[in-house]
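Next comes final04.cif, a file with mmCIF, C-alpha atoms, pLDDT in the B column; chains and numbers go by the auth columns.
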```
data_input
#
loop_
_atom_site.group_PDB
_atom_site.id
_atom_site.type_symbol
_atom_site.label_atom_id
_atom_site.label_comp_id
_atom_site.label_asym_id
_atom_site.label_seq_id
_atom_site.Cartn_x
_atom_site.Cartn_y
_atom_site.Cartn_z
_atom_site.B_iso_or_equiv
_atom_site.auth_seq_id
_atom_site.auth_asym_id
ATOM 1 C CA MET A 1 0.000 0.000 0.000 47.00 146 A
ATOM 2 C CA THR A 2 1.298 3.423 -0.906 45.00 147 A
ATOM 3 C CA LYS A 3 0.777 6.156 1.631 53.00 148 A
ATOM 4 C CA ASN A 4 0.369 9.722 0.443 60.00 149 A
ATOM 5 C CA THR A 5 -1.951 10.984 3.158 86.00 150 A
ATOM 6 C CA ILE A 6 -2.638 10.572 6.840 94.00 151 A
ATOM 7 C CA SER A 7 -4.257 7.236 7.637 97.00 152 A
ATOM 8 C CA VAL A 8 -6.486 6.711 10.653 98.00 153 A
ATOM 9 C CA GLY A 9 -7.084 3.236 12.030 98.00 154 A
ATOM 10 C CA VAL A 10 -10.525 2.772 13.529 98.00 155 A
ATOM 11 C CA PHE A 11 -11.297 -0.118 15.849 98.00 156 A
ATOM 12 C CA CYS A 12 -14.999 -0.658 16.561 98.00 157 A
ATOM 13 C CA GLY A 13 -17.766 -3.188 16.885 96.00 158 A
ATOM 14 C CA SER A 14 -19.029 -5.614 14.289 94.00 159 A
ATOM 15 C CA ARG A 15 -22.362 -4.977 15.989 96.00 160 A
ATOM 16 C CA SER A 16 -24.167 -1.661 16.332 97.00 161 A
ATOM 17 C CA GLY A 17 -24.925 -1.815 20.054 96.00 162 A
ATOM 18 C CA HIS A 18 -28.188 -0.741 21.684 97.00 163 A
ATOM 19 C CA SER A 19 -27.820 3.036 21.515 97.00 164 A
ATOM 20 C CA PRO A 20 -28.370 5.018 18.311 97.00 165 A
ATOM 21 C CA GLU A 21 -25.624 7.332 19.609 98.00 166 A
ATOM 22 C CA TYR A 22 -23.031 4.677 18.712 98.00 167 A
ATOM 23 C CA ILE A 23 -24.193 4.578 15.090 98.00 168 A
ATOM 24 C CA LYS A 24 -24.248 8.359 14.870 98.00 169 A
ATOM 25 C CA ALA A 25 -20.734 8.603 16.330 98.00 170 A
ATOM 26 C CA ALA A 26 -19.407 6.004 13.866 98.00 171 A
ATOM 27 C CA ARG A 27 -20.953 7.865 10.930 98.00 172 A
ATOM 28 C CA ASP A 28 -19.616 11.193 12.241 98.00 173 A
ATOM 29 C CA ILE A 29 -16.103 9.736 12.509 98.00 174 A
ATOM 30 C CA GLY A 30 -16.356 8.497 8.919 98.00 175 A
ATOM 31 C CA LEU A 31 -17.414 11.959 7.749 98.00 176 A
ATOM 32 C CA ILE A 32 -14.600 13.621 9.678 97.00 177 A
ATOM 33 C CA ILE A 33 -12.021 11.280 8.162 97.00 178 A
ATOM 34 C CA ALA A 34 -13.300 11.933 4.642 98.00 179 A
ATOM 35 C CA ASN A 35 -13.670 15.692 5.131 96.00 180 A
ATOM 36 C CA GLN A 36 -10.120 15.982 6.485 95.00 181 A
ATOM 37 C CA GLY A 37 -8.779 14.119 3.451 96.00 182 A
ATOM 38 C CA TRP A 38 -7.497 11.307 5.657 97.00 183 A
ATOM 39 C CA THR A 39 -7.670 7.599 4.788 98.00 184 A
ATOM 40 C CA LEU A 40 -9.735 5.201 6.895 98.00 185 A
ATOM 41 C CA ILE A 41 -8.130 1.877 7.776 98.00 186 A
ATOM 42 C CA TYR A 42 -10.541 -0.492 9.461 98.00 187 A
ATOM 43 C CA GLY A 43 -11.465 -4.169 9.853 95.00 188 A
ATOM 44 C CA ALA A 44 -13.234 -4.455 6.457 95.00 189 A
ATOM 45 C CA GLY A 45 -16.533 -5.697 7.880 93.00 190 A
ATOM 46 C CA ASP A 46 -19.801 -4.600 6.314 94.00 191 A
ATOM 47 C CA VAL A 47 -21.740 -5.035 9.552 94.00 192 A
ATOM 48 C CA GLY A 48 -22.220 -3.075 12.770 96.00 193 A
ATOM 49 C CA LEU A 49 -20.269 0.072 13.520 98.00 194 A
ATOM 50 C CA MET A 50 -17.616 -1.039 11.040 97.00 195 A
ATOM 51 C CA ALA A 51 -20.142 -0.695 8.231 97.00 196 A
ATOM 52 C CA GLU A 52 -21.333 2.672 9.523 98.00 197 A
ATOM 53 C CA VAL A 53 -17.892 4.266 9.672 98.00 198 A
ATOM 54 C CA SER A 54 -16.773 2.853 6.325 98.00 199 A
ATOM 55 C CA HIS A 55 -19.961 3.756 4.428 98.00 200 A
ATOM 56 C CA ALA A 56 -19.955 7.270 5.876 98.00 201 A
ATOM 57 C CA THR A 57 -16.343 7.724 4.744 98.00 202 A
ATOM 58 C CA THR A 58 -17.076 6.366 1.264 98.00 203 A
ATOM 59 C CA ASP A 59 -20.327 8.339 0.908 98.00 204 A
ATOM 60 C CA ALA A 60 -18.407 11.542 1.678 98.00 205 A
ATOM 61 C CA GLY A 61 -15.810 10.756 -0.991 98.00 206 A
ATOM 62 C CA GLY A 62 -13.111 9.451 1.340 98.00 207 A
ATOM 63 C CA THR A 63 -10.612 6.660 0.856 98.00 208 A
ATOM 64 C CA VAL A 64 -11.171 3.382 2.711 98.00 209 A
ATOM 65 C CA ILE A 65 -8.767 0.499 3.222 98.00 210 A
ATOM 66 C CA GLY A 66 -10.151 -2.654 4.806 97.00 211 A
ATOM 67 C CA VAL A 67 -8.069 -5.394 6.433 97.00 212 A
ATOM 68 C CA ILE A 68 -9.671 -8.713 7.294 95.00 213 A
ATOM 69 C CA PRO A 69 -8.470 -12.264 7.972 94.00 214 A
ATOM 70 C CA GLN A 70 -9.756 -14.912 5.583 93.00 215 A
ATOM 71 C CA HIS A 71 -11.784 -16.720 8.267 90.00 216 A
ATOM 72 C CA LEU A 72 -13.826 -13.548 8.883 90.00 217 A
ATOM 73 C CA VAL A 73 -14.525 -12.720 5.245 85.00 218 A
ATOM 74 C CA ASP A 74 -17.872 -14.504 5.379 74.00 219 A
ATOM 75 C CA LEU A 75 -18.570 -14.163 9.115 74.00 220 A
ATOM 76 C CA GLU A 76 -18.271 -10.360 9.129 65.00 221 A
ATOM 77 C CA VAL A 77 -19.551 -10.001 5.576 83.00 222 A
ATOM 78 C CA ALA A 78 -16.420 -8.370 4.181 90.00 223 A
ATOM 79 C CA ARG A 79 -17.048 -5.172 2.277 92.00 224 A
ATOM 80 C CA HIS A 80 -15.572 -5.642 -1.181 90.00 225 A
ATOM 81 C CA ASP A 81 -16.272 -2.218 -2.731 93.00 226 A
ATOM 82 C CA LEU A 82 -13.377 -0.527 -0.918 96.00 227 A
ATOM 83 C CA ASP A 83 -10.469 1.413 -2.349 95.00 228 A
ATOM 84 C CA HIS A 84 -8.247 -1.401 -1.163 96.00 229 A
ATOM 85 C CA LEU A 85 -9.071 -4.715 0.561 96.00 230 A
ATOM 86 C CA VAL A 86 -6.326 -6.699 2.285 97.00 231 A
ATOM 87 C CA VAL A 87 -7.144 -10.293 3.236 95.00 232 A
ATOM 88 C CA THR A 88 -4.723 -11.700 5.812 96.00 233 A
ATOM 89 C CA GLU A 89 -4.209 -15.215 7.092 94.00 234 A
ATOM 90 C CA THR A 90 -4.604 -14.436 10.807 94.00 235 A
ATOM 91 C CA MET A 91 -6.050 -11.906 13.247 92.00 236 A
ATOM 92 C CA HIS A 92 -2.536 -11.057 14.387 94.00 237 A
ATOM 93 C CA GLU A 93 -1.507 -10.285 10.819 96.00 238 A
ATOM 94 C CA ARG A 94 -4.632 -8.121 10.439 94.00 239 A
ATOM 95 C CA LYS A 95 -3.659 -6.026 13.464 94.00 240 A
ATOM 96 C CA LYS A 96 -0.086 -5.752 12.210 95.00 241 A
ATOM 97 C CA VAL A 97 -1.176 -4.530 8.759 96.00 242 A
ATOM 98 C CA MET A 98 -3.559 -2.014 10.300 96.00 243 A
ATOM 99 C CA PHE A 99 -0.888 -0.832 12.745 96.00 244 A
ATOM 100 C CA MET A 100 1.813 -0.498 10.091 95.00 245 A
ATOM 101 C CA ASN A 101 -0.432 1.558 7.798 96.00 246 A
ATOM 102 C CA ALA A 102 -2.129 3.854 10.328 97.00 247 A
ATOM 103 C CA ASP A 103 -0.748 7.121 11.656 97.00 248 A
ATOM 104 C CA ALA A 104 -3.276 7.287 14.521 98.00 249 A
ATOM 105 C CA PHE A 105 -6.031 5.185 16.083 98.00 250 A
ATOM 106 C CA ILE A 106 -9.588 5.833 17.183 98.00 251 A
ATOM 107 C CA ILE A 107 -11.371 3.293 19.328 98.00 252 A
ATOM 108 C CA LEU A 108 -15.162 3.433 19.135 98.00 253 A
ATOM 109 C CA PRO A 109 -17.514 1.237 21.151 98.00 254 A
ATOM 110 C CA GLY A 110 -16.992 -2.431 20.446 98.00 255 A
ATOM 111 C CA GLY A 111 -16.570 -5.841 21.984 97.00 256 A
ATOM 112 C CA LEU A 112 -13.694 -8.147 22.776 96.00 257 A
ATOM 113 C CA GLY A 113 -12.014 -7.595 19.411 94.00 258 A
ATOM 114 C CA SER A 114 -11.965 -3.828 19.923 97.00 259 A
ATOM 115 C CA LEU A 115 -10.575 -4.318 23.440 97.00 260 A
ATOM 116 C CA ASP A 116 -7.883 -6.646 22.085 96.00 261 A
ATOM 117 C CA GLU A 117 -6.895 -4.107 19.426 96.00 262 A
ATOM 118 C CA PHE A 118 -6.892 -1.229 21.923 97.00 263 A
ATOM 119 C CA PHE A 119 -4.738 -3.053 24.459 96.00 264 A
ATOM 120 C CA GLU A 120 -2.251 -4.264 21.865 95.00 265 A
ATOM 121 C CA ILE A 121 -1.560 -0.798 20.418 96.00 266 A
ATOM 122 C CA LEU A 122 -1.637 0.688 23.931 95.00 267 A
ATOM 123 C CA THR A 123 0.934 -1.832 25.174 94.00 268 A
ATOM 124 C CA TRP A 124 3.131 -1.246 22.135 94.00 269 A
ATOM 125 C CA ARG A 125 3.042 2.480 22.862 94.00 270 A
ATOM 126 C CA GLN A 126 3.863 1.904 26.537 92.00 271 A
ATOM 127 C CA LEU A 127 6.859 -0.183 25.450 92.00 272 A
ATOM 128 C CA GLY A 128 8.065 2.614 23.154 92.00 273 A
ATOM 129 C CA LEU A 129 7.414 0.720 19.932 94.00 274 A
ATOM 130 C CA HIS A 130 5.428 3.658 18.538 96.00 275 A
ATOM 131 C CA ASN A 131 4.248 7.134 19.397 95.00 276 A
ATOM 132 C CA LYS A 132 1.053 7.186 17.341 97.00 277 A
ATOM 133 C CA PRO A 133 -1.982 8.934 18.849 97.00 278 A
ATOM 134 C CA ILE A 134 -4.607 6.672 20.401 98.00 279 A
ATOM 135 C CA ILE A 135 -8.041 8.163 21.038 98.00 280 A
ATOM 136 C CA LEU A 136 -10.742 6.409 23.020 98.00 281 A
ATOM 137 C CA LEU A 137 -14.144 7.780 21.993 98.00 282 A
ATOM 138 C CA ASN A 138 -16.173 7.483 25.185 98.00 283 A
ATOM 139 C CA ILE A 139 -19.526 8.171 23.558 97.00 284 A
ATOM 140 C CA ASN A 140 -22.508 7.684 25.847 96.00 285 A
ATOM 141 C CA HIS A 141 -20.035 6.767 28.663 97.00 286 A
ATOM 142 C CA TYR A 142 -19.367 3.449 26.922 98.00 287 A
ATOM 143 C CA TRP A 143 -15.745 3.187 28.088 97.00 288 A
ATOM 144 C CA ASP A 144 -16.243 4.443 31.680 97.00 289 A
ATOM 145 C CA ALA A 145 -15.718 0.985 33.207 97.00 290 A
ATOM 146 C CA LEU A 146 -12.547 0.484 31.157 96.00 291 A
ATOM 147 C CA ILE A 147 -11.171 3.838 32.294 94.00 292 A
ATOM 148 C CA THR A 148 -12.009 2.923 35.905 94.00 293 A
ATOM 149 C CA MET A 149 -10.196 -0.386 35.452 94.00 294 A
ATOM 150 C CA LEU A 150 -7.102 1.300 34.037 93.00 295 A
ATOM 151 C CA ASN A 151 -7.081 3.713 36.983 92.00 296 A
ATOM 152 C CA HIS A 152 -7.394 0.698 39.300 93.00 297 A
ATOM 153 C CA VAL A 153 -4.325 -0.894 37.677 93.00 298 A
ATOM 154 C CA VAL A 154 -2.361 2.262 38.517 92.00 299 A
ATOM 155 C CA LYS A 155 -3.839 2.495 42.042 93.00 300 A
ATOM 156 C CA GLU A 156 -2.871 -1.098 42.785 94.00 301 A
ATOM 157 C CA GLY A 157 0.722 -0.536 41.644 93.00 302 A
ATOM 158 C CA PHE A 158 0.753 -2.483 38.387 93.00 303 A
ATOM 159 C CA ALA A 159 1.362 0.621 36.272 89.00 304 A
ATOM 160 C CA ASP A 160 2.725 4.072 36.884 87.00 305 A
ATOM 161 C CA LYS A 161 0.286 6.948 36.383 81.00 306 A
ATOM 162 C CA LYS A 162 3.107 9.150 35.105 75.00 307 A
ATOM 163 C CA SER A 163 4.020 6.617 32.414 74.00 308 A
ATOM 164 C CA THR A 164 0.462 5.647 31.452 81.00 309 A
ATOM 165 C CA ALA A 165 -1.382 8.990 31.521 77.00 310 A
ATOM 166 C CA HIS A 166 0.069 10.133 28.200 87.00 311 A
ATOM 167 C CA LEU A 167 -0.573 6.904 26.291 95.00 312 A
ATOM 168 C CA PHE A 168 -4.067 7.763 25.056 96.00 313 A
ATOM 169 C CA ASP A 169 -6.673 10.500 25.034 96.00 314 A
ATOM 170 C CA VAL A 170 -10.269 10.081 26.149 97.00 315 A
ATOM 171 C CA VAL A 171 -12.843 12.232 24.380 97.00 316 A
ATOM 172 C CA VAL A 172 -16.636 12.221 24.445 97.00 317 A
ATOM 173 C CA SER A 173 -17.556 13.449 20.956 97.00 318 A
ATOM 174 C CA PRO A 174 -16.453 13.006 17.356 97.00 319 A
ATOM 175 C CA ARG A 175 -15.746 16.751 17.226 95.00 320 A
ATOM 176 C CA GLU A 176 -13.198 16.314 20.032 96.00 321 A
ATOM 177 C CA VAL A 177 -11.659 13.379 18.153 96.00 322 A
ATOM 178 C CA SER A 178 -11.129 15.661 15.162 93.00 323 A
ATOM 179 C CA ARG A 179 -9.569 18.411 17.297 94.00 324 A
ATOM 180 C CA VAL A 180 -7.192 16.030 19.093 95.00 325 A
ATOM 181 C CA LEU A 181 -6.147 14.253 15.899 94.00 326 A
ATOM 182 C CA ARG A 182 -5.517 17.488 14.027 90.00 327 A
ATOM 183 C CA SER A 183 -3.334 18.735 16.886 93.00 328 A
ATOM 184 C CA GLN A 184 -1.315 15.507 17.046 91.00 329 A
ATOM 185 C CA ILE A 185 -0.881 14.384 13.437 85.00 330 A
ATOM 186 C CA SER A 186 -1.065 17.475 11.273 64.00 331 A
#
```

As structure tokens, please, write out the structure in this file.
Amino acid sequence: MTKNTISVGVFCGSRSGHSPEYIKAARDIGLIIANQGWTLIYGAGDVGLMAEVSHATTDAGGTVIGVIPQHLVDLEVARHDLDHLVVTETMHERKKVMFMNADAFIILPGGLGSLDEFFEILTWRQLGLHNKPIILLNINHYWDALITMLNHVVKEGFADKKSTAHLFDVVVSPREVSRVLRSQIS
């Protein structure tokens, strides 16, 4: 893949969740990515929040790159009408391709897969393997329990607040995501 623009990796659910706010946030993020002239890199699914963010980006004229392991092509109904579709052999390879091609990451509401992706890029940043922005979109307080858990890890002495506080930003609206990303990657 040739990079000539800023690429934003988005990790989010293959389901839409129960709140319409999640769908709206995903669509807003897709619009922001397209309107900024950035490229969306996401999990290539055509279901759930993944579909919302990718269709919003495409509908607004943006560029979309999807990355999906072969075993999920049918399960997540891979979206084939993308600017570029990468089919990997494994989930680990999928995360690696997304990581290598993204300049920043946004984590929207999602399930275990989104948590796995968040913690892997967060850990890599903590270890100094990258310095790419990571933004947790806490729409509708979705990530409150996760934030509490991360604070608990620090409180109990398993991480240092000084070393973990700068690893990611928490925002509550797509507009804030745009502001933070523009300040960190432009």

For A:Asn246, the nearest of the candidates A:Ser152, A:Thr309, A:Asn285, A:Thr268, counting only C-alpha atoms: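 The shortest atom-to-atom distance to A:Asn246 comes from A:Ser152.
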
Atomic distance atom CA of A:Leu281 - atom CA of A:Cys157, expressed in Å with one decimal: 10.5 Å

Could you please give me, as a PyMOL selection string, the residues of protein, DNA or RNA lying at most 10 Å from (-20.5, 10.9, 14.6) in the coordinate frame of the file, considering only C-alpha atoms? chain A and resi 166-177+197-198+201+284+318-320+322

Can I get the selection written as a PDB file, in the coordinates of the input, with C-alpha atoms?
```pdb
ATOM      1  CA  GLU A 166     -25.624   7.332  19.609  1.00 98.00           C
ATOM      2  CA  TYR A 167     -23.031   4.677  18.712  1.00 98.00           C
ATOM      3  CA  ILE A 168     -24.193   4.578  15.090  1.00 98.00           C
ATOM      4  CA  LYS A 169     -24.248   8.359  14.870  1.00 98.00           C
ATOM      5  CA  ALA A 170     -20.734   8.603  16.330  1.00 98.00           C
ATOM      6  CA  ALA A 171     -19.407   6.004  13.866  1.00 98.00           C
ATOM      7  CA  ARG A 172     -20.953   7.865  10.930  1.00 98.00           C
ATOM      8  CA  ASP A 173     -19.616  11.193  12.241  1.00 98.00           C
ATOM      9  CA  ILE A 174     -16.103   9.736  12.509  1.00 98.00           C
ATOM     10  CA  GLY A 175     -16.356   8.497   8.919  1.00 98.00           C
ATOM     11  CA  LEU A 176     -17.414  11.959   7.749  1.00 98.00           C
ATOM     12  CA  ILE A 177     -14.600  13.621   9.678  1.00 97.00           C
ATOM     13  CA  GLU A 197     -21.333   2.672   9.523  1.00 98.00           C
ATOM     14  CA  VAL A 198     -17.892   4.266   9.672  1.00 98.00           C
ATOM     15  CA  ALA A 201     -19.955   7.270   5.876  1.00 98.00           C
ATOM     16  CA  ILE A 284     -19.526   8.171  23.558  1.00 97.00           C
ATOM     17  CA  SER A 318     -17.556  13.449  20.956  1.00 97.00           C
ATOM     18  CA  PRO A 319     -16.453  13.006  17.356  1.00 97.00           C
ATOM     19  CA  ARG A 320     -15.746  16.751  17.226  1.00 95.00           C
ATOM     20  CA  VAL A 322     -11.659  13.379  18.153  1.00 96.00           C
TER      21      VAL A 322
END
```

Of the residues A:Ile252, A:Val232, A:Ala304, A:Val325, which is the one nearest to A:Met195, using only C-alpha atoms? A:Ile252

Residue nearest A:Leu185 - candidates A:His200, A:His297, A:Arg160, A:Arg324, atoms counted: all atoms listed in the file: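 Under the stated criterion, the closest residue is A:His200.
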
Please evaluate the PyMOL selection byres ((chain A and resi 206) around 10) against the displayed coordinates and give the resulting residues as a PyMOL selection string. chain A and resi 176+178-180+182+200-205+207-209

Determine the residue set returned by the PyMOL selection byres ((chain A and resi 217-225) around 8) for the present structure, and present it as a count of residues only. 13

Within 7 Å of A:Asn283 using all atoms listed in the file, minus same-chain residues under 6 positions, as JSON, numbers by chain: {"A": [315, 316, 317]}

For C-alpha atoms, I'd like the residues from the last selection saved as a PDB file, in the frame of the given file.
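Result written to result-v9.pdb:
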```pdb
ATOM      1  CA  VAL A 315     -10.269  10.081  26.149  1.00 97.00           C
ATOM      2  CA  VAL A 316     -12.843  12.232  24.380  1.00 97.00           C
ATOM      3  CA  VAL A 317     -16.636  12.221  24.445  1.00 97.00           C
TER       4      VAL A 317
END
```

Counting all atoms listed in the file, which of A:Pro278, A:Gly193, A:Gly302, A:Gly158 gets nearest to A:Ile251?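 Closest to A:Ile251 of all the choices is A:Pro278.
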
To one decimal place, how far is atom CA of A:Ala247 from atom CA of A:His163 in Å? 28.8 Å

Between A:Lys306, A:Val231, A:Ser323, A:Leu291, which is the closest to A:Val153 once you count all atoms listed in the file?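 Of the candidates, the smallest distance to A:Val153 is held by A:Ser323.
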
Separation of atom CA of A:Glu321 from atom CA of A:Leu274 in Å: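 Interatomic distance here is 25.8 Å.
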
Put a box with edges along x, y and z around all the listed atoms of stretch 220-228 of chain A, pad it by 6 Å on each side, then give me its centre and sizes in Å, one decimal, as lines of an AutoDock Vina configuration file.
```
center_x = -15.0
center_y = -6.4
center_z = 3.2
size_x = 21.1
size_y = 27.6
size_z = 23.9
```

For a cut-off of 7 Å around (-4.9, 10.7, 24.4), file coordinates, pick out all residues using only C-alpha atoms and list them as a VMD selection string. chain A and resid 278 to 280 311 to 315

Prev. selection, C-alpha atoms, output as an mmCIF file, in the frame of the given file:
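Generated file (part-v6.cif):
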```
data_model
loop_
_atom_site.group_PDB
_atom_site.id
_atom_site.type_symbol
_atom_site.label_atom_id
_atom_site.label_comp_id
_atom_site.auth_asym_id
_atom_site.auth_seq_id
_atom_site.Cartn_x
_atom_site.Cartn_y
_atom_site.Cartn_z
ATOM 1 C CA PRO A 278 -1.982 8.934 18.849
ATOM 2 C CA ILE A 279 -4.607 6.672 20.401
ATOM 3 C CA ILE A 280 -8.041 8.163 21.038
ATOM 4 C CA HIS A 311 0.069 10.133 28.200
ATOM 5 C CA LEU A 312 -0.573 6.904 26.291
ATOM 6 C CA PHE A 313 -4.067 7.763 25.056
ATOM 7 C CA ASP A 314 -6.673 10.500 25.034
ATOM 8 C CA VAL A 315 -10.269 10.081 26.149
#
```

Would you pick out the contacts of A:Lys241 at 12 Å or less, using all atoms listed in the file, so that residues sharing its chain but fewer than 5 positions from it are not included, and give the list as a list in words?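 Using all atoms listed in the file, the neighbours found are Gly154, Ile186, Gly188, Val212, Ile213, Pro214, Val231, Thr233, Glu234, Thr235, Met236, Asn246, Ala247, Glu262, Glu265, Ile266 and Trp269 of chain A.
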
Reconstruct N, CA and C atoms of stretch 267-293 of chain A; output as a compact mmCIF listing (two decimals), keeping the file's coordinate frame.
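So part-v4.txt came out as:
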```
# COMPACT_ATOMS: atom_id res chain seq x y z
N LEU A 267 -1.96 -0.03 22.70
CA LEU A 267 -1.64 0.69 23.93
C LEU A 267 -0.36 0.13 24.55
N THR A 268 -0.26 -1.19 24.62
CA THR A 268 0.93 -1.83 25.17
C THR A 268 2.16 -1.51 24.33
N TRP A 269 2.01 -1.57 23.02
CA TRP A 269 3.13 -1.25 22.14
C TRP A 269 3.61 0.19 22.36
N ARG A 270 2.65 1.09 22.60
CA ARG A 270 3.04 2.48 22.86
C ARG A 270 3.75 2.59 24.21
N GLN A 271 3.23 1.89 25.22
CA GLN A 271 3.86 1.90 26.54
C GLN A 271 5.30 1.39 26.45
N LEU A 272 5.53 0.40 25.60
CA LEU A 272 6.86 -0.18 25.45
C LEU A 272 7.78 0.65 24.56
N GLY A 273 7.25 1.74 24.00
CA GLY A 273 8.06 2.61 23.15
C GLY A 273 8.21 2.14 21.73
N LEU A 274 7.33 1.22 21.30
CA LEU A 274 7.41 0.72 19.93
C LEU A 274 6.78 1.67 18.92
N HIS A 275 5.99 2.62 19.40
CA HIS A 275 5.43 3.66 18.54
C HIS A 275 5.01 4.84 19.39
N ASN A 276 4.74 5.93 18.72
CA ASN A 276 4.25 7.13 19.40
C ASN A 276 3.02 7.68 18.67
N LYS A 277 2.24 6.79 18.09
CA LYS A 277 1.05 7.19 17.34
C LYS A 277 -0.08 7.53 18.30
N PRO A 278 -0.85 8.58 17.99
CA PRO A 278 -1.98 8.93 18.85
C PRO A 278 -3.01 7.80 18.94
N ILE A 279 -3.54 7.63 20.14
CA ILE A 279 -4.61 6.67 20.40
C ILE A 279 -5.73 7.45 21.08
N ILE A 280 -6.91 7.41 20.49
CA ILE A 280 -8.04 8.16 21.04
C ILE A 280 -9.19 7.20 21.34
N LEU A 281 -9.61 7.22 22.58
CA LEU A 281 -10.74 6.41 23.02
C LEU A 281 -11.98 7.30 22.99
N LEU A 282 -12.92 6.99 22.09
CA LEU A 282 -14.14 7.78 21.99
C LEU A 282 -15.16 7.22 22.99
N ASN A 283 -15.31 7.93 24.08
CA ASN A 283 -16.17 7.48 25.18
C ASN A 283 -17.60 8.02 25.00
N ILE A 284 -18.18 7.71 23.87
CA ILE A 284 -19.53 8.17 23.56
C ILE A 284 -20.53 7.48 24.48
N ASN A 285 -21.46 8.24 25.00
CA ASN A 285 -22.51 7.68 25.85
C ASN A 285 -21.92 6.95 27.06
N HIS A 286 -20.72 7.36 27.51
CA HIS A 286 -20.04 6.77 28.66
C HIS A 286 -19.69 5.29 28.46
N TYR A 287 -19.59 4.86 27.21
CA TYR A 287 -19.37 3.45 26.92
C TYR A 287 -18.10 2.91 27.59
N TRP A 288 -17.02 3.67 27.58
CA TRP A 288 -15.74 3.19 28.09
C TRP A 288 -15.49 3.54 29.55
N ASP A 289 -16.46 4.05 30.28
CA ASP A 289 -16.24 4.44 31.68
C ASP A 289 -15.66 3.31 32.53
N ALA A 290 -16.20 2.11 32.39
CA ALA A 290 -15.72 0.98 33.21
C ALA A 290 -14.27 0.63 32.85
N LEU A 291 -13.92 0.75 31.58
CA LEU A 291 -12.55 0.48 31.16
C LEU A 291 -11.60 1.52 31.76
N ILE A 292 -11.99 2.76 31.73
CA ILE A 292 -11.17 3.84 32.29
C ILE A 292 -11.00 3.62 33.80
N THR A 293 -12.08 3.24 34.47
CA THR A 293 -12.01 2.92 35.90
C THR A 293 -11.04 1.78 36.14
```
